[in-house]
Amino acid sequence: MMSDFVFNGGIIRSVMEMGSLEERSNHELEDESLISPAKIGQKTNSFHAPQLGSSCRDWRIWSSKLLGNAVFMSIRVVVFSNKLNLLMPFGPLAVLVHGLSDHNGWVFFLTLLGITPLAERLGYATEQLSFYTGDTVGGLLNATFGNATELIISIYALKSGMIRVVQQSLLGSILSNMLLVLGCAFFCGGIVFNNKQQVFNKAIAVLNSGLLLMAVMGLLFPAVLHFTHTEVHFGRSELALSRFSSCIMLLAYAGYLVFQLKSQKDLYMSIAEGGTLPEEGSDDDEGPEISKWESVIWLSILTAWIAILSEYLVDAIEGASIAWKMPVSFISVILLPIVGNAAEHASAIMFAMKDKLDISLGVAIGSSTQISMFAIPFCVVIGWIMGCPMDLNFQLFETATLFITVLVVAFLLQEGTSNYFKGLMLILCYLIVAASFFVHVDPTSVGQFLVKIFNWCPCGRIKPKYIPCDSNKVLSSY
């Protein structure tokens, strides 16, 4: 009797253990969406791991299979999980068309299409990396790698002597982030949460508005100095002031980073973390889809491929302007930033639709602050090193446009709330800016035309090819 009881008890225990294993496996299958694909691959292959007594060859085979599965899962998640990635083949196609023909219009168009999904995937990889860093550093990473496209294009344009393209593309990035990206975020967030008013950290918005006004001041003085003809040394004081102001702006941005990440870390905590309870059905329990090192590797690969395509993009700008009968200023201020800001655009809208406006502001306004206080002065310093006279004189029309834009956005952010109507106003303001640059003729284009066609420079030197010079002198000499 006792043996039968023990035997039956063993059967019962084994059956119960099998049932618990089945329930556990079912529970794991139900929650597999919360686990990264890399971890799934590791879990699947861990059941087939060789025993301790196996040979080194078996271990090498098993490790190679494990690595292959991890790489396959990472490629499937990053490359094949988004319909926008269907545009990726246009990048190699642009390189092929550039090598086989001289149709710069097609090369520019195909390169734009090829860079668009790369910029979006750059934002996706940054978002995955932000899961391991937190909201504050994650917002900085989004702004940094979102602006990597603009910085790469600017450096290649500086190498080609296209100073105005650099100035206008960076200016267009600021305008696009402050009006189009932030406007779409406010509009989409307001549509999703139309029964309540979304709130964000007003202190952060006011501080960023102050930094943007400081950047406007740095751009305004060289332009005023040039157009009032009050320079001590004509043509040199403006450049010297620009380089000095750029160093000051870089120092101010470094202090801003220290203030944000070290001194006042609590100020930059999102409102949800500061005490507001999360709503039911919120998406706060989402986890990363790829590991930290996978995110870093993908960021490196995408940045390198964007750098390659940016060279073809810069070389085809002027040819595309002639082929499409479109001003270079419109291409530089409107078209290039829309492609470069695809990552910020998608990220800001996504976070706003999840009621995480602090991250949306960190992406849109933080990106504008980084371009104005870091990217622009950084390009001036890089041009200084390269011997290229890149300055902060963005001309009167562009500087006035930036000043008005900063004022409009600062007034809309001062309450610390948002709704869909504020977003609609920002989008409509961006349409006015786009129409203005479509009918705007860049005054420096005349000077660049003389330099390129007549190989002439106002300093008296004969130039065998297009070498960057101060084209403002060409206009002022007439």
# chains A, B, ... in the order shown; residues from 1 in each chain; ligands from 1
>>> residues_around(residues="stretch 198-207 of chain A", least_positions_apart="6", cutoff="6 Å", atoms="only C-alpha atoms", output="ChimeraX atom specification")
/A:357-358,416-418
>>> write_last_selection(atoms="N, CA, C and O atoms", output="mmCIF file, in the first residue's frame")
data_model
loop_
_atom_site.group_PDB
_atom_site.id
_atom_site.type_symbol
_atom_site.label_atom_id
_atom_site.label_comp_id
_atom_site.auth_asym_id
_atom_site.auth_seq_id
_atom_site.Cartn_x
_atom_site.Cartn_y
_atom_site.Cartn_z
ATOM 1 N N LEU A 357 5.291 64.031 -23.986
ATOM 2 C CA LEU A 357 5.677 65.262 -24.666
ATOM 3 C C LEU A 357 7.057 65.747 -24.251
ATOM 4 O O LEU A 357 7.708 66.468 -25.009
ATOM 5 N N ASP A 358 7.507 65.391 -23.061
ATOM 6 C CA ASP A 358 8.843 65.821 -22.646
ATOM 7 C C ASP A 358 9.917 65.240 -23.558
ATOM 8 O O ASP A 358 10.888 65.915 -23.892
ATOM 9 N N GLY A 416 3.404 75.750 -21.099
ATOM 10 C CA GLY A 416 3.665 74.375 -20.687
ATOM 11 C C GLY A 416 2.582 73.403 -21.071
ATOM 12 O O GLY A 416 2.533 72.288 -20.538
ATOM 13 N N THR A 417 1.709 73.778 -22.004
ATOM 14 C CA THR A 417 0.632 72.892 -22.471
ATOM 15 C C THR A 417 0.626 72.872 -23.992
ATOM 16 O O THR A 417 1.174 73.773 -24.651
ATOM 17 N N SER A 418 -0.013 71.863 -24.544
ATOM 18 C CA SER A 418 -0.114 71.754 -26.001
ATOM 19 C C SER A 418 -1.467 71.187 -26.378
ATOM 20 O O SER A 418 -2.135 70.511 -25.580
#
>>> residues_around(residues="A:Pro222", least_positions_apart="3", cutoff="7 Å", atoms="only C-alpha atoms", output="list in words")
Leu219, Leu225, His226, Glu238, Leu241, Ser242, Leu392 and Asn393 of chain A
>>> write_last_selection(atoms="N, CA and C atoms", output="PDB file, in the first residue's frame")
ATOM      1  N   LEU A 219      24.098  84.828 -34.544  1.00  0.00           N
ATOM      2  CA  LEU A 219      23.972  84.935 -35.995  1.00  0.00           C
ATOM      3  C   LEU A 219      23.628  86.347 -36.439  1.00  0.00           C
ATOM      4  N   LEU A 225      26.616  93.645 -38.784  1.00  0.00           N
ATOM      5  CA  LEU A 225      27.930  94.251 -39.012  1.00  0.00           C
ATOM      6  C   LEU A 225      28.235  94.341 -40.498  1.00  0.00           C
ATOM      7  N   HIS A 226      27.843  93.330 -41.247  1.00  0.00           N
ATOM      8  CA  HIS A 226      28.121  93.325 -42.691  1.00  0.00           C
ATOM      9  C   HIS A 226      27.234  94.318 -43.438  1.00  0.00           C
ATOM     10  N   GLU A 238      34.225  90.571 -39.742  1.00  0.00           N
ATOM     11  CA  GLU A 238      33.030  89.721 -39.736  1.00  0.00           C
ATOM     12  C   GLU A 238      33.399  88.256 -39.515  1.00  0.00           C
ATOM     13  N   LEU A 241      34.788  87.839 -35.887  1.00  0.00           N
ATOM     14  CA  LEU A 241      33.686  87.840 -34.923  1.00  0.00           C
ATOM     15  C   LEU A 241      32.928  86.513 -34.958  1.00  0.00           C
ATOM     16  N   SER A 242      32.741  85.960 -36.145  1.00  0.00           N
ATOM     17  CA  SER A 242      32.026  84.691 -36.269  1.00  0.00           C
ATOM     18  C   SER A 242      32.791  83.564 -35.574  1.00  0.00           C
ATOM     19  N   LEU A 392      29.221  83.251 -39.594  1.00  0.00           N
ATOM     20  CA  LEU A 392      27.865  83.249 -39.044  1.00  0.00           C
ATOM     21  C   LEU A 392      26.957  84.276 -39.706  1.00  0.00           C
ATOM     22  N   ASN A 393      27.417  84.868 -40.800  1.00  0.00           N
ATOM     23  CA  ASN A 393      26.570  85.795 -41.555  1.00  0.00           C
ATOM     24  C   ASN A 393      25.675  84.983 -42.487  1.00  0.00           C
TER      25      ASN A 393
END
>>> closest_residue(among="A:Ala435, A:Ala410, A:Ala307, A:Val181", to="A:Ala348", atoms="only C-alpha atoms")
A:Val181
>>> residues_around(residues="A:Thr116", least_positions_apart="3", cutoff="6 Å", atoms="only C-alpha atoms", output="ChimeraX atom specification")
/A:113,119,339
>>> atom_distance(atom1="atom CA of A:Met390", atom2="atom CA of A:Thr405")
23.4 Å
>>> residues_around(residues="A:Tyr132", least_positions_apart="2", cutoff="12 Å", atoms="only C-alpha atoms", output="number ranges by chain")
A: 125-130, 134-138, 141, 287-293, 295-296
>>> write_last_selection(atoms="C-alpha atoms", output="PDB file, in the first residue's frame")
ATOM      1  CA  ALA A 125      18.476  52.414 -33.347  1.00  0.00           C
ATOM      2  CA  THR A 126      18.871  55.486 -31.142  1.00  0.00           C
ATOM      3  CA  GLU A 127      15.473  54.819 -29.592  1.00  0.00           C
ATOM      4  CA  GLN A 128      16.499  51.236 -28.831  1.00  0.00           C
ATOM      5  CA  LEU A 129      19.713  52.481 -27.234  1.00  0.00           C
ATOM      6  CA  SER A 130      17.731  54.986 -25.149  1.00  0.00           C
ATOM      7  CA  GLY A 134      16.951  56.712 -19.676  1.00  0.00           C
ATOM      8  CA  ASP A 135      14.840  59.612 -20.950  1.00  0.00           C
ATOM      9  CA  THR A 136      17.391  62.424 -20.561  1.00  0.00           C
ATOM     10  CA  VAL A 137      20.342  60.750 -22.243  1.00  0.00           C
ATOM     11  CA  GLY A 138      17.919  59.143 -24.696  1.00  0.00           C
ATOM     12  CA  LEU A 141      21.053  60.594 -28.295  1.00  0.00           C
ATOM     13  CA  GLY A 287      10.967  46.849 -23.884  1.00  0.00           C
ATOM     14  CA  PRO A 288      13.870  47.032 -26.318  1.00  0.00           C
ATOM     15  CA  GLU A 289      13.785  44.906 -29.447  1.00  0.00           C
ATOM     16  CA  ILE A 290      17.546  44.685 -29.918  1.00  0.00           C
ATOM     17  CA  SER A 291      20.416  44.633 -27.438  1.00  0.00           C
ATOM     18  CA  LYS A 292      22.618  47.576 -26.500  1.00  0.00           C
ATOM     19  CA  TRP A 293      25.609  46.477 -28.559  1.00  0.00           C
ATOM     20  CA  SER A 295      22.124  49.276 -31.355  1.00  0.00           C
ATOM     21  CA  VAL A 296      25.681  50.633 -31.305  1.00  0.00           C
TER      22      VAL A 296
END
>>> residues_around(residues="A:Cys188", least_positions_apart="5", cutoff="12 Å", atoms="only C-alpha atoms", output="list in words")
Leu180, Val181, Leu182, Gly183, Phe193, Asn194, Gln198, His345, Ala346, Ala348, Ile349, Met350, Phe351, Ala352, Met353, Lys354, Asp355, Leu357, Ser360, Ser418, Asn419, Tyr420, Phe421, Lys422, Gly423, Leu424 and Ile427 of chain A
>>> select_by_dssp(residues="stretch 96-134 of chain A", states="helix (DSSP H, G or I)", output="ChimeraX atom specification")
/A:96-100,104-130
>>> atom_distance(atom1="atom CA of A:Phe227", atom2="atom CA of A:Thr401")
16.4 Å
>>> closest_residue(among="A:Ile163, A:Val216, A:Met373, A:Val406", to="A:Ala254", atoms="only C-alpha atoms")
A:Met373
>>> residues_around(residues="stretch 313-323 of chain A", least_positions_apart="5", cutoff="7 Å", atoms="only C-alpha atoms", output="PDB file with N, CA and C atoms, in the first residue's frame")
ATOM      1  N   ASN A 104      22.172  64.697 -62.947  1.00  0.00           N
ATOM      2  CA  ASN A 104      22.270  65.065 -61.538  1.00  0.00           C
ATOM      3  C   ASN A 104      20.907  65.162 -60.865  1.00  0.00           C
ATOM      4  N   GLY A 105      19.883  65.495 -61.641  1.00  0.00           N
ATOM      5  CA  GLY A 105      18.539  65.552 -61.063  1.00  0.00           C
ATOM      6  C   GLY A 105      18.090  64.202 -60.543  1.00  0.00           C
ATOM      7  N   VAL A 107      20.105  61.662 -59.825  1.00  0.00           N
ATOM      8  CA  VAL A 107      21.003  61.256 -58.731  1.00  0.00           C
ATOM      9  C   VAL A 107      20.574  61.895 -57.426  1.00  0.00           C
ATOM     10  N   PHE A 108      20.236  63.182 -57.475  1.00  0.00           N
ATOM     11  CA  PHE A 108      19.795  63.868 -56.260  1.00  0.00           C
ATOM     12  C   PHE A 108      18.493  63.266 -55.735  1.00  0.00           C
ATOM     13  N   THR A 111      19.126  59.757 -54.335  1.00  0.00           N
ATOM     14  CA  THR A 111      19.869  59.828 -53.081  1.00  0.00           C
ATOM     15  C   THR A 111      18.974  60.286 -51.938  1.00  0.00           C
ATOM     16  N   ILE A 153      26.405  65.882 -44.225  1.00  0.00           N
ATOM     17  CA  ILE A 153      26.181  66.631 -45.460  1.00  0.00           C
ATOM     18  C   ILE A 153      26.921  67.964 -45.418  1.00  0.00           C
ATOM     19  N   TYR A 156      30.750  67.535 -46.062  1.00  0.00           N
ATOM     20  CA  TYR A 156      31.045  67.303 -47.479  1.00  0.00           C
ATOM     21  C   TYR A 156      30.818  68.567 -48.299  1.00  0.00           C
ATOM     22  N   ALA A 157      29.804  69.367 -47.930  1.00  0.00           N
ATOM     23  CA  ALA A 157      29.574  70.621 -48.646  1.00  0.00           C
ATOM     24  C   ALA A 157      30.711  71.613 -48.390  1.00  0.00           C
ATOM     25  N   VAL A 328      18.424  76.953 -55.399  1.00  0.00           N
ATOM     26  CA  VAL A 328      19.271  76.155 -54.507  1.00  0.00           C
ATOM     27  C   VAL A 328      18.904  76.408 -53.053  1.00  0.00           C
TER      28      VAL A 328
END
